[in-house]
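*Asks:* Have a look at the structure that comes next, please.
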Amino acid sequence: MIKTVSTTPYKDQKPGTSGLRKKVPVFAQENYAENFIQSIFDNLEGFEGKTLVIGGDGRYYNREVIQKALKMAAAAGFGKVMVGKGGILSTPAASHIIRKYGAFGGIVLSASHNPGGPTEDFGIKYNIGNGGPAPEKITDAIFARTQVIDSYKTLDVADIDLDGIGSFDLAGMVVEVIDPVTDYADLMETLFDFAAIRGLIASGFRVVIDSMSAVTGPYAVEILEKRLGAAKGSVRNEIPLPDFGHHHPDPNLVHAKALYDDVMSPEGPDFGAASDGDGDRNMVVGKGMFVTPSDSLAVIAANATLAPGYASGIAGIARSMPTSAAADRVAEKLGIGMYETPTGWKYFGNLMDAGKVTVCGEESFGTGSSHVREKDGLWAVLFWLNIVAARKESVKDIVTKHWAEYGRNYYSRHDYEEVDTQAANGLVANLRDKLATLPGQTFGDLTVESADDFAYLDPVDGSVSKNQGIRILFKGGSRVVFRLSGTGTSGATLRLYVERYEPDASRHAIETQAALADLIAVADEIAEIKARTGRDAPTVIT
Ligand code: VG1
Ligand code: CO
């Protein structure tokens, strides 16, 4: 029943920050998905007879590719595939299932925060046995394989019904269709004080979650409404739709604005949260206080012992380089390790496996811990609710007191989306050329202390990742960082990250863009953003 299909390579299958992402029409080309999946399998050793986990965020084309992956896994010789009912598994839930059941690895079908639909984005990512994204060494090898692949193996059989729980035989391989939610919800109950959160909600504290018609709906309904007692309807846009109901499932102030406005209105809820397409990101908003992801990481780390799963303390903290240094001050005070990694969750896995860090975060609304090996949106939301319940203080009070104790890292990211690729590359090349001459130069009140292109030496396996973002540091701790996105599917996206440290509590209530205005102007002066991109303003400011 196994058939070998001959194929020819596609040149553009290089995985980015988080797997291979392309428009659906690209993925729908003949053998395109098959080539990539076979290239993954061709790089694995010793998987025969073992278990593979497959799931996705439910976006358009998910069901088609799951069927292809199931048949190819059977043809490759896996013993079993665990797949979420309806093809659904959030990214953190997939990571947990891989770990809990000792699977060999997993395939996660998602383009995360990118829009879904027939002409929108799709993606494939491979996760290794620790539950985390494959490290660069493996993604590079997968890419190399895609360049020479000449055949793949599959089965000539009908599709499997994924809409009911149960087990099937697929040419000798077991297909187990599992409930996507239960294992994950059970894990959350072991980490957080559900009784205290239930008490908080019962006392009238109103919580809303916007699942943005993406994968977290069923998870949030089970946890927030069923297990924590929030009123029915507390989870909005709770049904995952193939096109996300035309939402752009990126939980930030632009795409989750309705939720933000609701929480900020006097009669609105006390606490709001949103997740992205595949459930690994989060946005947390308290009444009168939007929590920046960088601050969220710092506050979670500083208050970690209030959650039962972290009662004995955290081993260390890691953050991506562009993420603000707010968490560094917490690590310093706690006397624990602090690690600065390139953008993308794949760099945190080694640190967690080695027991060096417990919590990790990225400025892009991603936070997580060693309970899985992915970032985890609902985990962060529950952590915040646990902290609020334990401290009996509002989100606003908690954050304001945190700043008073540690100082405030004013922080913002400016995205210039879909700019001309050549212009973007030229901008970065020009910056690289200037790096050596920048130190010592002054721009208004700002003096450049150092400037470099960030490189990371993994302290666990010794691997080196170069060209991970240009950073210009000024005297006093302010900085601007430039890098090009590795998740976009059309043109280039330039990201500018701006940060200023302000220790003085009497200066903690300035509007963020105003507090950063001089740095933003200097960033443009040095990088010539306007002139080179032809853009007057960023497309998204978070
Ligand atoms: C973006 C974010 C990065 C995140 C990545 C994947 O990458 O900046 O922090 O890890 O998306 O997140 P880039 O290369 O576009 O800046 V997700 O939620 O798409 O899996
Ligand atoms: Co995501």
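In the structure tokens, the first chain shown is A, the next is B, and so on; residue numbers restart at 1 for each chain, and ligands run from 1 in the order shown.
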Considering only C-alpha atoms, return as a PDB file with N, CA, C and O atoms, in the first residue's frame whatever protein or nucleic-acid residues lie within 9 Å of region 280-283 of chain A, sequence-local ones (same chain, fewer than 4 positions apart) excluded.
*Replies:*
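And here is the file that came out, part.pdb:
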```pdb
ATOM      1  N   SER A  90      -3.430  23.333  20.184  1.00  0.00           N
ATOM      2  CA  SER A  90      -2.703  24.600  20.292  1.00  0.00           C
ATOM      3  C   SER A  90      -1.217  24.258  20.372  1.00  0.00           C
ATOM      4  O   SER A  90      -0.849  23.133  20.729  1.00  0.00           O
ATOM      5  N   THR A  91      -0.373  25.213  20.058  1.00  0.00           N
ATOM      6  CA  THR A  91       1.071  24.957  20.104  1.00  0.00           C
ATOM      7  C   THR A  91       1.538  24.507  21.493  1.00  0.00           C
ATOM      8  O   THR A  91       2.231  23.493  21.605  1.00  0.00           O
ATOM      9  N   PRO A  92       1.136  25.206  22.578  1.00  0.00           N
ATOM     10  CA  PRO A  92       1.568  24.695  23.895  1.00  0.00           C
ATOM     11  C   PRO A  92       0.971  23.335  24.230  1.00  0.00           C
ATOM     12  O   PRO A  92       1.646  22.504  24.864  1.00  0.00           O
ATOM     13  N   SER A 112       0.700  30.734  13.156  1.00  0.00           N
ATOM     14  CA  SER A 112       0.594  31.546  14.368  1.00  0.00           C
ATOM     15  C   SER A 112      -0.266  32.794  14.209  1.00  0.00           C
ATOM     16  O   SER A 112      -1.444  32.695  13.904  1.00  0.00           O
ATOM     17  N   HIS A 113       0.352  33.952  14.317  1.00  0.00           N
ATOM     18  CA  HIS A 113      -0.385  35.216  14.315  1.00  0.00           C
ATOM     19  C   HIS A 113      -0.721  35.692  12.899  1.00  0.00           C
ATOM     20  O   HIS A 113      -1.395  36.700  12.742  1.00  0.00           O
ATOM     21  N   THR A 216      -7.444  28.953  20.718  1.00  0.00           N
ATOM     22  CA  THR A 216      -7.595  28.874  22.176  1.00  0.00           C
ATOM     23  C   THR A 216      -9.027  28.801  22.674  1.00  0.00           C
ATOM     24  O   THR A 216      -9.240  28.525  23.849  1.00  0.00           O
ATOM     25  N   ASP A 250      -3.468  38.334  16.146  1.00  0.00           N
ATOM     26  CA  ASP A 250      -2.252  38.793  16.784  1.00  0.00           C
ATOM     27  C   ASP A 250      -2.684  39.614  17.997  1.00  0.00           C
ATOM     28  O   ASP A 250      -3.294  40.677  17.852  1.00  0.00           O
ATOM     29  N   PRO A 251      -2.451  39.100  19.202  1.00  0.00           N
ATOM     30  CA  PRO A 251      -2.983  39.784  20.381  1.00  0.00           C
ATOM     31  C   PRO A 251      -2.158  41.005  20.742  1.00  0.00           C
ATOM     32  O   PRO A 251      -1.198  40.911  21.487  1.00  0.00           O
ATOM     33  N   ASN A 252      -2.493  42.132  20.187  1.00  0.00           N
ATOM     34  CA  ASN A 252      -1.789  43.354  20.552  1.00  0.00           C
ATOM     35  C   ASN A 252      -2.768  44.518  20.530  1.00  0.00           C
ATOM     36  O   ASN A 252      -3.955  44.337  20.267  1.00  0.00           O
ATOM     37  N   LEU A 253      -2.278  45.697  20.790  1.00  0.00           N
ATOM     38  CA  LEU A 253      -3.165  46.851  20.945  1.00  0.00           C
ATOM     39  C   LEU A 253      -3.862  47.227  19.650  1.00  0.00           C
ATOM     40  O   LEU A 253      -4.874  47.922  19.661  1.00  0.00           O
ATOM     41  N   ALA A 256      -6.308  43.575  18.871  1.00  0.00           N
ATOM     42  CA  ALA A 256      -7.260  43.245  19.948  1.00  0.00           C
ATOM     43  C   ALA A 256      -7.770  44.530  20.589  1.00  0.00           C
ATOM     44  O   ALA A 256      -7.992  44.615  21.788  1.00  0.00           O
ATOM     45  N   GLY A 272      -8.700  41.655  31.044  1.00  0.00           N
ATOM     46  CA  GLY A 272      -8.918  41.124  29.705  1.00  0.00           C
ATOM     47  C   GLY A 272      -7.666  40.458  29.192  1.00  0.00           C
ATOM     48  O   GLY A 272      -6.549  40.846  29.553  1.00  0.00           O
ATOM     49  N   ALA A 273      -7.843  39.431  28.360  1.00  0.00           N
ATOM     50  CA  ALA A 273      -6.683  38.749  27.783  1.00  0.00           C
ATOM     51  C   ALA A 273      -7.039  38.289  26.380  1.00  0.00           C
ATOM     52  O   ALA A 273      -8.206  38.069  26.059  1.00  0.00           O
ATOM     53  N   ALA A 274      -6.020  38.153  25.550  1.00  0.00           N
ATOM     54  CA  ALA A 274      -6.238  37.663  24.187  1.00  0.00           C
ATOM     55  C   ALA A 274      -5.094  36.733  23.820  1.00  0.00           C
ATOM     56  O   ALA A 274      -4.017  36.789  24.417  1.00  0.00           O
ATOM     57  N   SER A 275      -5.361  35.854  22.843  1.00  0.00           N
ATOM     58  CA  SER A 275      -4.339  34.915  22.395  1.00  0.00           C
ATOM     59  C   SER A 275      -4.178  35.017  20.888  1.00  0.00           C
ATOM     60  O   SER A 275      -5.038  35.555  20.207  1.00  0.00           O
ATOM     61  N   ASP A 276      -3.104  34.412  20.384  1.00  0.00           N
ATOM     62  CA  ASP A 276      -2.897  34.443  18.943  1.00  0.00           C
ATOM     63  C   ASP A 276      -3.435  33.175  18.279  1.00  0.00           C
ATOM     64  O   ASP A 276      -4.071  32.339  18.931  1.00  0.00           O
ATOM     65  N   PHE A 290      -2.374  48.529  30.533  1.00  0.00           N
ATOM     66  CA  PHE A 290      -1.937  47.544  29.560  1.00  0.00           C
ATOM     67  C   PHE A 290      -0.564  47.066  30.015  1.00  0.00           C
ATOM     68  O   PHE A 290       0.305  47.877  30.319  1.00  0.00           O
ATOM     69  N   VAL A 291      -0.367  45.772  30.105  1.00  0.00           N
ATOM     70  CA  VAL A 291       0.912  45.242  30.573  1.00  0.00           C
ATOM     71  C   VAL A 291       1.777  44.912  29.361  1.00  0.00           C
ATOM     72  O   VAL A 291       1.403  44.065  28.545  1.00  0.00           O
ATOM     73  N   THR A 292       2.924  45.577  29.218  1.00  0.00           N
ATOM     74  CA  THR A 292       3.780  45.216  28.081  1.00  0.00           C
ATOM     75  C   THR A 292       4.303  43.801  28.316  1.00  0.00           C
ATOM     76  O   THR A 292       4.515  43.389  29.464  1.00  0.00           O
ATOM     77  N   PRO A 293       4.507  43.050  27.236  1.00  0.00           N
ATOM     78  CA  PRO A 293       4.997  41.680  27.405  1.00  0.00           C
ATOM     79  C   PRO A 293       6.303  41.618  28.185  1.00  0.00           C
ATOM     80  O   PRO A 293       6.531  40.696  28.967  1.00  0.00           O
ATOM     81  N   SER A 364       7.291  40.024  22.004  1.00  0.00           N
ATOM     82  CA  SER A 364       6.206  39.847  21.045  1.00  0.00           C
ATOM     83  C   SER A 364       5.021  39.110  21.661  1.00  0.00           C
ATOM     84  O   SER A 364       4.389  38.299  21.014  1.00  0.00           O
ATOM     85  N   PHE A 365       4.732  39.378  22.921  1.00  0.00           N
ATOM     86  CA  PHE A 365       3.558  38.815  23.608  1.00  0.00           C
ATOM     87  C   PHE A 365       3.698  37.317  23.842  1.00  0.00           C
ATOM     88  O   PHE A 365       2.715  36.595  23.832  1.00  0.00           O
ATOM     89  N   GLY A 366       4.940  36.860  24.033  1.00  0.00           N
ATOM     90  CA  GLY A 366       5.164  35.450  24.307  1.00  0.00           C
ATOM     91  C   GLY A 366       5.820  35.266  25.672  1.00  0.00           C
ATOM     92  O   GLY A 366       6.827  35.909  25.964  1.00  0.00           O
ATOM     93  N   THR A 367       5.219  34.435  26.500  1.00  0.00           N
ATOM     94  CA  THR A 367       5.781  34.130  27.812  1.00  0.00           C
ATOM     95  C   THR A 367       5.564  32.646  28.054  1.00  0.00           C
ATOM     96  O   THR A 367       4.609  32.065  27.545  1.00  0.00           O
ATOM     97  N   GLY A 368       6.438  32.029  28.829  1.00  0.00           N
ATOM     98  CA  GLY A 368       6.231  30.611  29.091  1.00  0.00           C
ATOM     99  C   GLY A 368       7.203  30.119  30.143  1.00  0.00           C
ATOM    100  O   GLY A 368       7.996  30.884  30.688  1.00  0.00           O
ATOM    101  N   GLU A 374       7.285  25.461  24.671  1.00  0.00           N
ATOM    102  CA  GLU A 374       6.788  26.498  23.770  1.00  0.00           C
ATOM    103  C   GLU A 374       6.329  27.650  24.651  1.00  0.00           C
ATOM    104  O   GLU A 374       6.114  27.479  25.849  1.00  0.00           O
ATOM    105  N   LYS A 375       6.145  28.810  24.056  1.00  0.00           N
ATOM    106  CA  LYS A 375       5.492  29.854  24.817  1.00  0.00           C
ATOM    107  C   LYS A 375       4.027  29.470  24.979  1.00  0.00           C
ATOM    108  O   LYS A 375       3.515  28.631  24.237  1.00  0.00           O
ATOM    109  N   ASP A 376       3.380  30.053  25.977  1.00  0.00           N
ATOM    110  CA  ASP A 376       2.060  29.550  26.320  1.00  0.00           C
ATOM    111  C   ASP A 376       1.138  30.694  26.750  1.00  0.00           C
ATOM    112  O   ASP A 376       1.287  31.240  27.846  1.00  0.00           O
ATOM    113  N   GLY A 377       0.198  31.038  25.861  1.00  0.00           N
ATOM    114  CA  GLY A 377      -0.683  32.181  26.094  1.00  0.00           C
ATOM    115  C   GLY A 377      -1.571  32.039  27.323  1.00  0.00           C
ATOM    116  O   GLY A 377      -1.590  32.905  28.196  1.00  0.00           O
ATOM    117  N   LEU A 378      -2.322  30.949  27.422  1.00  0.00           N
ATOM    118  CA  LEU A 378      -3.252  30.811  28.544  1.00  0.00           C
ATOM    119  C   LEU A 378      -2.502  30.623  29.861  1.00  0.00           C
ATOM    120  O   LEU A 378      -2.975  31.038  30.918  1.00  0.00           O
ATOM    121  N   TRP A 379      -1.351  30.004  29.801  1.00  0.00           N
ATOM    122  CA  TRP A 379      -0.507  29.870  31.000  1.00  0.00           C
ATOM    123  C   TRP A 379      -0.219  31.259  31.595  1.00  0.00           C
ATOM    124  O   TRP A 379      -0.333  31.467  32.802  1.00  0.00           O
ATOM    125  N   ALA A 380       0.152  32.205  30.739  1.00  0.00           N
ATOM    126  CA  ALA A 380       0.479  33.548  31.223  1.00  0.00           C
ATOM    127  C   ALA A 380      -0.757  34.228  31.808  1.00  0.00           C
ATOM    128  O   ALA A 380      -0.688  34.897  32.845  1.00  0.00           O
ATOM    129  N   VAL A 381      -1.898  34.022  31.162  1.00  0.00           N
ATOM    130  CA  VAL A 381      -3.148  34.622  31.652  1.00  0.00           C
ATOM    131  C   VAL A 381      -3.476  34.057  33.041  1.00  0.00           C
ATOM    132  O   VAL A 381      -3.818  34.791  33.978  1.00  0.00           O
TER     133      VAL A 381
END
```
*Asks:* Would you pick out the contacts of region 348-358 of chain A at 7 Å or less, using only C-alpha atoms, so that residues sharing its chain but fewer than 3 positions from it are not included, and give the list as a list in words?
*Replies:* Gly132, Ile314, Ala315, Gly316, Ile317, Ala318, Trp345, Ser369, Ser370, Arg373 and Val460 of chain A
*Asks:* Take the residues from that selection and write them out as a CSV table (one decimal), in the first residue's frame, keeping C-alpha atoms.
*Replies:*
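Everything below was put into part_19.csv:
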```csv
chain,number,residue,atom,x,y,z
A,132,GLY,CA,10.2,22.4,21.7
A,314,ILE,CA,12.6,29.7,39.7
A,315,ALA,CA,16.0,28.6,38.5
A,316,GLY,CA,16.7,31.4,36.1
A,317,ILE,CA,15.1,33.7,33.4
A,318,ALA,CA,15.7,34.0,29.7
A,345,TRP,CA,11.5,30.1,21.1
A,369,SER,CA,8.1,28.3,31.4
A,370,SER,CA,9.6,24.8,31.6
A,373,ARG,CA,8.9,23.9,25.6
A,460,VAL,CA,24.6,24.3,26.6
```
*Asks:* Which residues are near Ala158 (chain A)? Cut-off 12 Å, only C-alpha atoms, ignore same chain within fewer than 6 positions. Put them as a ChimeraX atom specification.
*Replies:* /A:1,67-68,70-71,170-171
*Asks:* Have a look at A:Lys50, A:Arg408, A:Lys23, A:His414 and name the one nearest to Ala515 (chain A); count only C-alpha atoms.
*Replies:* A:Arg408
*Asks:* Within 6 Å of Val263 (chain A), counting only C-alpha atoms, which residues qualify if same-chain residues fewer than 5 places away don't, as number ranges by chain?
*Replies:* A: 268-269, 287
*Asks:* Could you jot down the CA of Thr400 (chain A) to CA of Ala196 (chain A) separation for me, Å, one decimal place?
*Replies:* 22.8 Å
*Asks:* Identify, with DSSP run on backbone atoms, the residues in region 411-486 of chain A assigned to helix (DSSP H, G or I), and express the list as a ChimeraX atom specification.
*Replies:* /A:421-437
*Asks:* Within 12 Å of Lys530 (chain A), counting only C-alpha atoms, which residues qualify if same-chain residues fewer than 2 places away don't, as a count of residues only?
*Replies:* 22
*Asks:* What's around Asp243 (chain A) at 7 Å? Count only C-alpha atoms, leave out sequence neighbours fewer than 5 positions away in its own chain, and write the answer as a ChimeraX atom specification.
*Replies:* /A:59-60,116-117
*Asks:* Just want the 9 Å neighbourhood of Ser485 (chain A), counted on only C-alpha atoms, with same-chain residues fewer than 5 positions away dropped. Output as number ranges by chain.
*Replies:* A: 16-17, 492-495
*Asks:* What does the structure give for the distance between CA of Gly488 (chain A) and CA of Pro322 (chain A), in Å to one decimal?
*Replies:* 17.7 Å
*Asks:* Please build the interface table for region 197-223 of chain A against region 382-396 of chain A with a cut-off of 12 Å, listing for each qualifying residue the nearest atom pair and the distance in Å to one decimal; count only C-alpha atoms, order rows by chain and increasing number, and write it as a tab-separated table.
*Replies:*
```
residue	atom	partner	partner_atom	distance
A:Ile197	CA	A:Ala389	CA	5.7
A:Arg198	CA	A:Ala389	CA	8.9
A:Gly199	CA	A:Ala389	CA	7.9
A:Leu200	CA	A:Ala389	CA	5.7
A:Ile201	CA	A:Ala389	CA	8.9
A:Ala202	CA	A:Ala389	CA	11.2
A:Ser203	CA	A:Ala389	CA	10.5
A:Gly204	CA	A:Ala389	CA	12.0
A:Phe205	CA	A:Ala389	CA	9.6
A:Arg206	CA	A:Leu385	CA	10.9
A:Val207	CA	A:Leu385	CA	9.0
A:Val208	CA	A:Leu385	CA	11.5
A:Ile209	CA	A:Leu382	CA	11.1
A:Ala220	CA	A:Leu382	CA	10.3
A:Ile223	CA	A:Leu382	CA	9.3
```
*Asks:* Which residue, A:Val480, A:Ile470, A:Val108, A:Ala531, has the smallest gap to ligand 2 when you use only C-alpha atoms and all ligand atoms?
*Replies:*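 That would be A:Val108, the residue with the smallest distance to ligand 2.
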*Asks:* As an exercise, work out the distance from CA of Leu297 (chain A) to CA of Phe482 (chain A) in Å and give it to one decimal place.
*Replies:*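 So the two atoms, CA of Leu297 (chain A) and CA of Phe482 (chain A), lie 21.5 Å apart.
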*Asks:* Taking the chain letters and numbering used in this document, name the residues of region 251-355 of chain A that DSSP puts in strand (DSSP E), as a list in words.
*Replies:*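 Across region 251-355 of chain A, those assigned strand (DSSP E) are Phe271, Gly272, Ala273, Ala274, Ser275, Asn282, Met283, Val284, Val285, Gly286, Met289, Phe290, Val291, Gly316, Ile317, Ala318, Arg319, Ser320, Gly337, Met338, Tyr339, Glu340 and Thr341 of chain A.
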*Asks:* Taking only C-alpha atoms and all ligand atoms into account, which of A:Ile160, A:Val148, A:Ile398, A:Ala214 comes nearest ligand 2?
*Replies:* A:Ala214
